[in-house]
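Structure below is coords_32.tsv: TSV, C-alpha atoms and all ligand atoms.
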```
chain	number	residue	atom	x	y	z
A	825	MET	CA	13.43	1.13	13.14
A	826	PHE	CA	10.17	-0.64	12.35
A	827	GLN	CA	9.27	-0.69	16.02
A	828	GLU	CA	9.59	3.07	16.23
A	829	VAL	CA	7.55	3.51	13.05
A	830	TRP	CA	4.55	1.56	14.22
A	831	LYS	CA	4.54	3.26	17.61
A	832	THR	CA	4.34	6.79	16.26
A	833	TYR	CA	1.98	5.56	13.59
A	834	GLU	CA	-0.51	4.26	16.15
A	835	GLU	CA	-0.55	7.63	17.86
A	836	ASN	CA	-1.04	9.75	14.79
A	837	GLU	CA	-3.19	7.92	12.32
A	838	LEU	CA	-6.81	6.94	12.17
A	839	THR	CA	-7.90	3.58	13.48
A	840	HIS	CA	-10.03	1.45	11.24
A	841	SER	CA	-13.05	2.21	13.40
A	842	ALA	CA	-12.40	5.97	13.26
A	843	ALA	CA	-12.05	5.74	9.47
A	844	HIS	CA	-15.48	4.12	9.19
A	845	HIS	CA	-17.01	6.75	11.49
A	846	LEU	CA	-15.66	9.48	9.21
A	847	MET	CA	-16.95	7.71	6.12
A	848	ALA	CA	-20.37	7.39	7.76
A	849	VAL	CA	-20.52	11.16	8.40
A	850	HIS	CA	-19.58	11.78	4.78
A	851	GLU	CA	-22.08	9.30	3.39
A	852	LEU	CA	-24.99	10.46	5.55
A	853	ARG	CA	-24.39	14.13	4.81
A	854	THR	CA	-24.15	13.38	1.11
A	855	ARG	CA	-27.33	11.34	1.19
A	856	HIS	CA	-29.49	13.27	3.68
A	857	GLY	CA	-27.72	16.58	4.24
A	858	TYR	CA	-27.12	15.91	7.93
A	859	ALA	CA	-25.51	13.36	10.25
A	860	ARG	CA	-26.56	12.99	13.86
A	861	VAL	CA	-25.08	10.57	16.38
A	862	SER	CA	-28.24	8.45	16.11
A	863	ASP	CA	-28.00	8.33	12.28
A	864	ILE	CA	-24.36	7.23	12.46
A	865	ALA	CA	-25.18	4.60	15.07
A	866	GLN	CA	-27.91	3.19	12.84
A	867	HIS	CA	-25.71	3.34	9.76
A	868	LEU	CA	-22.81	1.51	11.42
A	869	LYS	CA	-25.08	-0.78	13.45
A	870	ILE	CA	-23.44	0.14	16.76
A	871	THR	CA	-24.65	1.92	19.90
A	872	LYS	CA	-25.10	5.69	20.21
A	873	GLY	CA	-22.73	5.60	23.16
A	874	SER	CA	-19.86	4.25	21.14
A	875	VAL	CA	-20.54	6.73	18.32
A	876	SER	CA	-20.50	9.59	20.86
A	877	SER	CA	-17.15	8.62	22.27
A	878	ALA	CA	-15.66	8.08	18.81
A	879	MET	CA	-16.96	11.50	17.71
A	880	LYS	CA	-15.57	13.18	20.81
A	881	HIS	CA	-12.16	11.80	19.92
A	882	LEU	CA	-12.47	12.81	16.26
A	883	LYS	CA	-13.53	16.33	17.24
A	884	GLU	CA	-10.54	16.69	19.55
A	885	ARG	CA	-8.27	15.64	16.73
A	886	GLY	CA	-9.82	18.07	14.27
A	887	TYR	CA	-11.53	15.64	11.90
A	888	VAL	CA	-15.12	16.47	12.81
A	889	ARG	CA	-17.02	19.52	14.07
A	890	GLU	CA	-20.63	20.59	14.60
A	891	ASP	CA	-22.47	22.68	12.03
A	892	HIS	CA	-24.88	25.56	12.91
A	893	ASN	CA	-27.63	23.02	13.70
A	894	ARG	CA	-25.22	21.18	16.00
A	895	PHE	CA	-25.15	18.27	13.58
A	896	LEU	CA	-21.87	16.59	12.75
A	897	GLU	CA	-19.81	17.52	9.73
A	898	LEU	CA	-16.32	16.81	8.47
A	899	THR	CA	-13.62	19.46	8.72
A	900	GLU	CA	-11.26	19.93	5.79
A	901	LYS	CA	-8.90	17.46	7.46
A	902	GLY	CA	-11.74	14.96	7.86
A	903	ALA	CA	-12.86	15.33	4.24
A	904	LYS	CA	-9.29	14.84	3.06
A	905	GLY	CA	-9.03	11.71	5.21
A	906	VAL	CA	-12.21	10.25	3.74
A	907	ALA	CA	-11.09	10.97	0.17
A	908	GLU	CA	-7.76	9.25	0.81
A	909	ILE	CA	-9.32	6.19	2.42
A	910	GLU	CA	-11.84	5.80	-0.37
A	911	SER	CA	-9.29	6.12	-3.13
A	912	ALA	CA	-7.03	3.58	-1.40
A	913	ARG	CA	-9.93	1.15	-1.16
A	914	VAL	CA	-10.80	1.54	-4.84
A	915	ALA	CA	-7.16	1.06	-5.87
A	916	PHE	CA	-6.75	-2.06	-3.73
A	917	GLN	CA	-10.03	-3.54	-4.80
A	918	ARG	CA	-9.07	-3.10	-8.45
A	919	PHE	CA	-5.66	-4.55	-7.86
A	920	LEU	CA	-7.07	-7.61	-6.12
A	921	THR	CA	-9.84	-8.29	-8.63
A	922	HIS	CA	-8.31	-7.13	-11.89
A	923	ALA	CA	-4.66	-7.95	-11.43
A	924	LEU	CA	-4.83	-10.91	-9.02
A	925	GLY	CA	-8.16	-12.31	-10.22
A	926	MET	CA	-9.81	-12.36	-6.81
A	927	ASP	CA	-13.53	-12.63	-6.27
A	928	GLU	CA	-15.22	-9.17	-5.92
A	929	ASP	CA	-16.58	-9.87	-2.43
A	930	ASP	CA	-13.30	-11.20	-1.02
A	931	ALA	CA	-11.47	-8.28	-2.60
A	932	GLU	CA	-13.88	-5.81	-1.01
A	933	ILE	CA	-13.26	-7.31	2.43
A	934	ASP	CA	-9.49	-7.24	2.10
A	935	ALA	CA	-9.49	-3.74	0.62
A	936	CYS	CA	-11.59	-2.60	3.58
A	937	LYS	CA	-8.96	-3.96	5.98
A	938	VAL	CA	-6.07	-1.97	4.50
A	939	GLU	CA	-7.86	1.15	3.19
A	940	HIS	CA	-6.89	3.34	6.16
A	941	LEU	CA	-3.31	2.05	6.43
A	942	VAL	CA	-1.61	2.80	3.14
A	943	SER	CA	0.47	5.90	2.51
A	944	ALA	CA	-0.29	8.49	-0.17
A	945	GLU	CA	2.69	7.19	-2.10
A	946	THR	CA	1.49	3.56	-2.14
A	947	ARG	CA	-1.94	4.75	-3.17
A	948	SER	CA	-0.75	6.79	-6.09
A	949	ARG	CA	1.80	4.20	-7.25
A	950	LEU	CA	-0.83	1.48	-7.16
A	951	THR	CA	-3.23	3.63	-9.16
A	952	HIS	CA	-0.46	4.35	-11.64
A	953	PHE	CA	0.42	0.64	-11.87
A	954	LEU	CA	-3.20	-0.23	-12.64
A	955	SER	CA	-3.59	2.47	-15.24
A	956	PHE	CA	-0.49	1.10	-16.98
A	957	LEU	CA	-1.67	-2.50	-16.68
A	958	TYR	CA	-4.93	-1.67	-18.44
A	959	SER	CA	-3.51	0.81	-20.91
A	960	ASP	CA	-2.97	0.14	-24.62
A	961	GLU	CA	0.73	-0.53	-24.07
A	962	PRO	CA	1.61	-3.74	-25.97
A	963	ALA	CA	3.82	-4.83	-23.07
A	964	ALA	CA	0.85	-4.57	-20.68
A	965	HIS	CA	-1.32	-6.64	-23.04
A	966	ALA	CA	1.38	-9.25	-23.38
A	967	PHE	CA	1.85	-9.43	-19.62
A	968	LEU	CA	-1.87	-9.89	-18.92
A	969	GLU	CA	-2.09	-12.53	-21.63
A	970	ALA	CA	0.88	-14.42	-20.19
A	971	LEU	CA	-0.52	-14.17	-16.67
A	972	ARG	CA	-3.90	-15.46	-17.84
A	973	THR	CA	-2.29	-18.45	-19.58
A	974	HIS	CA	-0.11	-19.17	-16.57
A	975	THR	CA	-3.08	-19.04	-14.21
A	976	LEU	CA	-5.10	-21.35	-16.44
A	977	GLU	CA	-2.23	-23.82	-16.57
A	978	HIS	CA	-1.13	-23.69	-12.95
A	979	GLY	CA	-3.98	-22.14	-11.02
A	980	VAL	CA	-3.47	-20.29	-7.75
A	981	THR	CA	-2.51	-22.23	-4.64
A	982	LEU	CA	-4.67	-21.66	-1.60
A	983	ASP	CA	-4.05	-23.75	1.54
A	984	GLY	CA	-2.35	-26.39	-0.57
A	985	GLU	CA	-5.33	-26.57	-2.90
A	986	VAL	CA	-5.11	-25.34	-6.45
A	987	VAL	CA	-7.73	-22.72	-7.24
A	988	PHE	CA	-8.19	-21.68	-10.83
A	989	ALA	CA	-8.67	-17.97	-10.39
A	990	GLY	CA	-9.76	-16.48	-13.66
A	991	ALA	CA	-8.50	-13.67	-15.81
A	992	PRO	CA	-9.69	-10.10	-15.22
A	993	PRO	CA	-13.32	-9.63	-16.23
A	994	ALA	CA	-14.14	-8.22	-19.65
A	995	GLY	CA	-14.39	-4.45	-19.87
A	996	VAL	CA	-11.89	-4.02	-17.08
A	997	ARG	CA	-9.71	-1.89	-19.30
A	998	ASP	CA	-12.30	0.91	-19.29
A	999	ARG	CA	-12.75	0.88	-15.55
A	1000	ALA	CA	-9.12	0.77	-14.45
B	1101	ZN	ZN	-12.83	-0.71	6.24
```
Encoded form using structure tokens:
Amino acid sequence: MFQEVWKTYEENELTHSAAHHLMAVHELRTRHGYARVSDIAQHLKITKGSVSSAMKHLKERGYVREDHNRFLELTEKGAKGVAEIESARVAFQRFLTHALGMDEDDAEIDACKVEHLVSAETRSRLTHFLSFLYSDEPAAHAFLEALRTHTLEHGVTLDGEVVFAGAPPAGVRDRA
């Protein structure tokens, strides 16, 4: 079952590299109003050749097209993809920093690795989980308090070493 899932998945979904190409088009168009192959290459710090071949593939799959100036732009499918990837990254980053107490930089790296892989359901459930965790529900407060105490007493084990990962930063409730 799992074997079949990952096989079809590889064929249909975006690779991590493709996801970052799409995000680059989005970011450059938002910032400058246009995105050329050379701009994307500079933005991603890769060669124009590899951007061209990635864009060819994304065009064939309906994520990207050329505008009237022959510059690159996202199709509706591409824009939807970018929105999904970005919201997954935000949700994971919050989960890792706020709920698990991870360092912001480490959390950003790990969130980047999984951003393009999670389903819409995981994304929305995670967002819902976080909004509950940082709501005014007394049970949520009690849970965070207990977790904080437990972490302070026992720390977090990393490679056999005990790391005292802290509680969520102050003001987290407003951001979650
Ligand atoms: Zn990434």
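What separates atom CA of A:Ser877 from atom CA of A:Arg889 is a distance of 13.6 Å.
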Exercise: residues within 12 Å of coordinate (-11.3, 13.2, 17.8), counting all atoms listed in the file, as a CSV table (one decimal) with C-alpha atoms, in the frame of the given file:
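The resulting file, point27.csv, is reproduced below:
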```csv
chain,number,residue,atom,x,y,z
A,836,ASN,CA,-1.0,9.8,14.8
A,837,GLU,CA,-3.2,7.9,12.3
A,838,LEU,CA,-6.8,6.9,12.2
A,839,THR,CA,-7.9,3.6,13.5
A,841,SER,CA,-13.0,2.2,13.4
A,842,ALA,CA,-12.4,6.0,13.3
A,843,ALA,CA,-12.0,5.7,9.5
A,845,HIS,CA,-17.0,6.8,11.5
A,846,LEU,CA,-15.7,9.5,9.2
A,875,VAL,CA,-20.5,6.7,18.3
A,876,SER,CA,-20.5,9.6,20.9
A,877,SER,CA,-17.2,8.6,22.3
A,878,ALA,CA,-15.7,8.1,18.8
A,879,MET,CA,-17.0,11.5,17.7
A,880,LYS,CA,-15.6,13.2,20.8
A,881,HIS,CA,-12.2,11.8,19.9
A,882,LEU,CA,-12.5,12.8,16.3
A,883,LYS,CA,-13.5,16.3,17.2
A,884,GLU,CA,-10.5,16.7,19.6
A,885,ARG,CA,-8.3,15.6,16.7
A,886,GLY,CA,-9.8,18.1,14.3
A,887,TYR,CA,-11.5,15.6,11.9
A,888,VAL,CA,-15.1,16.5,12.8
A,889,ARG,CA,-17.0,19.5,14.1
A,898,LEU,CA,-16.3,16.8,8.5
A,899,THR,CA,-13.6,19.5,8.7
A,901,LYS,CA,-8.9,17.5,7.5
A,902,GLY,CA,-11.7,15.0,7.9
```
Distance table requested - chain A against ligand ZN 1101 (chain B), cut-off 9 Å, all atoms listed in the file: one row per qualifying residue with the closest atom pair and its distance in Å to one decimal, ordered by chain and rising residue number, as CSV.
```
residue,atom,partner,partner_atom,distance
A:His840,CA,B:ZN1101,ZN,6.1
A:Ser841,CA,B:ZN1101,ZN,7.7
A:Ala843,CA,B:ZN1101,ZN,7.3
A:His844,CA,B:ZN1101,ZN,6.2
A:Ile909,CA,B:ZN1101,ZN,8.6
A:Arg913,CA,B:ZN1101,ZN,8.2
A:Glu932,CA,B:ZN1101,ZN,8.9
A:Ile933,CA,B:ZN1101,ZN,7.6
A:Asp934,CA,B:ZN1101,ZN,8.4
A:Ala935,CA,B:ZN1101,ZN,7.2
A:Cys936,CA,B:ZN1101,ZN,3.5
A:Lys937,CA,B:ZN1101,ZN,5.1
A:Val938,CA,B:ZN1101,ZN,7.1
A:Glu939,CA,B:ZN1101,ZN,6.1
A:His940,CA,B:ZN1101,ZN,7.2
```
Do you know which residues are at most 10 Å from A:Arg860 counting all atoms listed in the file, after dropping those on the same chain fewer than 6 positions away, and could you put them as an mmCIF file with C-alpha atoms, in the coordinates of the input?
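Result file is part.cif:
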```
data_model
loop_
_atom_site.group_PDB
_atom_site.id
_atom_site.type_symbol
_atom_site.label_atom_id
_atom_site.label_comp_id
_atom_site.auth_asym_id
_atom_site.auth_seq_id
_atom_site.Cartn_x
_atom_site.Cartn_y
_atom_site.Cartn_z
ATOM 1 C CA VAL A 849 -20.520 11.160 8.400
ATOM 2 C CA LEU A 852 -24.990 10.460 5.550
ATOM 3 C CA ARG A 853 -24.390 14.130 4.810
ATOM 4 C CA GLN A 866 -27.910 3.190 12.840
ATOM 5 C CA LYS A 872 -25.100 5.690 20.210
ATOM 6 C CA VAL A 875 -20.540 6.730 18.320
ATOM 7 C CA SER A 876 -20.500 9.590 20.860
ATOM 8 C CA GLU A 890 -20.630 20.590 14.600
ATOM 9 C CA ARG A 894 -25.220 21.180 16.000
ATOM 10 C CA PHE A 895 -25.150 18.270 13.580
ATOM 11 C CA LEU A 896 -21.870 16.590 12.750
ATOM 12 C CA GLU A 897 -19.810 17.520 9.730
#
```
Compile a residue-level contact table for stretch 850-916 of chain A against stretch 943-950 of chain A at a cut-off of 12 Å, reporting for every qualifying residue the shortest atom pair and its distance in Å to one decimal, with all atoms listed in the file counted, rows ordered by chain and ascending number, as a tab-separated table.
```
residue	atom	partner	partner_atom	distance
A:Lys904	CA	A:Ala944	CA	11.5
A:Gly905	CA	A:Ala944	CA	10.8
A:Ala907	CA	A:Ala944	CA	11.1
A:Glu908	CA	A:Ala944	CA	7.6
A:Ile909	CA	A:Arg947	CA	9.4
A:Glu910	CA	A:Arg947	CA	10.3
A:Ser911	CA	A:Arg947	CA	7.5
A:Ala912	CA	A:Arg947	CA	5.5
A:Arg913	CA	A:Arg947	CA	9.0
A:Val914	CA	A:Arg947	CA	9.6
A:Ala915	CA	A:Leu950	CA	6.5
A:Phe916	CA	A:Leu950	CA	7.7
```
Preceding selection exported with C-alpha atoms as a short mmCIF file (atom, residue, chain, number, x, y, z; two decimals), in the coordinates of the input:
```
data_model
loop_
_atom_site.label_atom_id
_atom_site.label_comp_id
_atom_site.auth_asym_id
_atom_site.auth_seq_id
_atom_site.Cartn_x
_atom_site.Cartn_y
_atom_site.Cartn_z
CA LYS A 904 -9.29 14.84 3.06
CA GLY A 905 -9.03 11.71 5.21
CA ALA A 907 -11.09 10.97 0.17
CA GLU A 908 -7.76 9.25 0.81
CA ILE A 909 -9.32 6.19 2.42
CA GLU A 910 -11.84 5.80 -0.37
CA SER A 911 -9.29 6.12 -3.13
CA ALA A 912 -7.03 3.58 -1.40
CA ARG A 913 -9.93 1.15 -1.16
CA VAL A 914 -10.80 1.54 -4.84
CA ALA A 915 -7.16 1.06 -5.87
CA PHE A 916 -6.75 -2.06 -3.73
#
```
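Atom CA of A:Glu961 is positioned 20.8 Å from atom CA of A:Leu920.
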**Complete:** Atom pair atom CA of A:Val942 + atom CA of A:Asp929, distance 20.4 Å
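Residue nearest A:Leu957, chosen from A:Ala848, A:Leu976, A:Leu971, A:Val861 and counting all atoms listed in the file: A:Leu971.
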**Prompt:** Using all atoms listed in the file, which of A:Ser862, A:Thr854, A:Ser874, A:Ser955 sits nearest A:Ala903?
**Reply:** A:Thr854
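Closest approach to A:His850 from the set A:Ala970, A:Ala964, A:Leu924, A:Val906 is made by A:Val906, with distances taken over only C-alpha atoms.
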Writing C-alpha atoms and nothing else, produce stretch 920-951 of chain A as a short mmCIF file (atom, residue, chain, number, x, y, z; two decimals), in the first residue's frame.
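Okay, part_21.cif is ready:
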```cif
data_model
loop_
_atom_site.label_atom_id
_atom_site.label_comp_id
_atom_site.auth_asym_id
_atom_site.auth_seq_id
_atom_site.Cartn_x
_atom_site.Cartn_y
_atom_site.Cartn_z
CA LEU A 920 8.27 23.39 15.87
CA THR A 921 9.06 26.67 17.63
CA HIS A 922 5.95 27.29 19.68
CA ALA A 923 4.84 23.79 20.58
CA LEU A 924 8.16 21.90 20.57
CA GLY A 925 10.36 24.80 21.67
CA MET A 926 12.81 24.55 18.79
CA ASP A 927 15.19 27.29 17.80
CA GLU A 928 13.74 29.58 15.05
CA ASP A 929 16.54 28.85 12.57
CA ASP A 930 16.43 25.07 12.98
CA ALA A 931 12.64 25.18 12.73
CA GLU A 932 12.85 27.18 9.51
CA ILE A 933 15.17 24.59 7.96
CA ASP A 934 13.00 21.64 8.94
CA ALA A 935 9.80 23.40 7.88
CA CYS A 936 11.42 24.09 4.50
CA LYS A 937 12.12 20.37 4.06
CA VAL A 938 8.50 19.28 4.53
CA GLU A 939 6.59 22.32 3.21
CA HIS A 940 5.85 20.79 -0.20
CA LEU A 941 5.04 17.31 1.12
CA VAL A 942 2.11 17.67 3.48
CA SER A 943 -1.50 17.19 2.46
CA ALA A 944 -4.18 19.86 2.71
CA GLU A 945 -5.68 17.91 5.59
CA THR A 946 -2.46 17.82 7.63
CA ARG A 947 -1.99 21.51 6.98
CA SER A 948 -5.41 22.51 8.16
CA ARG A 949 -5.40 20.16 11.16
CA LEU A 950 -2.03 21.47 12.25
CA THR A 951 -3.24 25.06 11.95
#
```
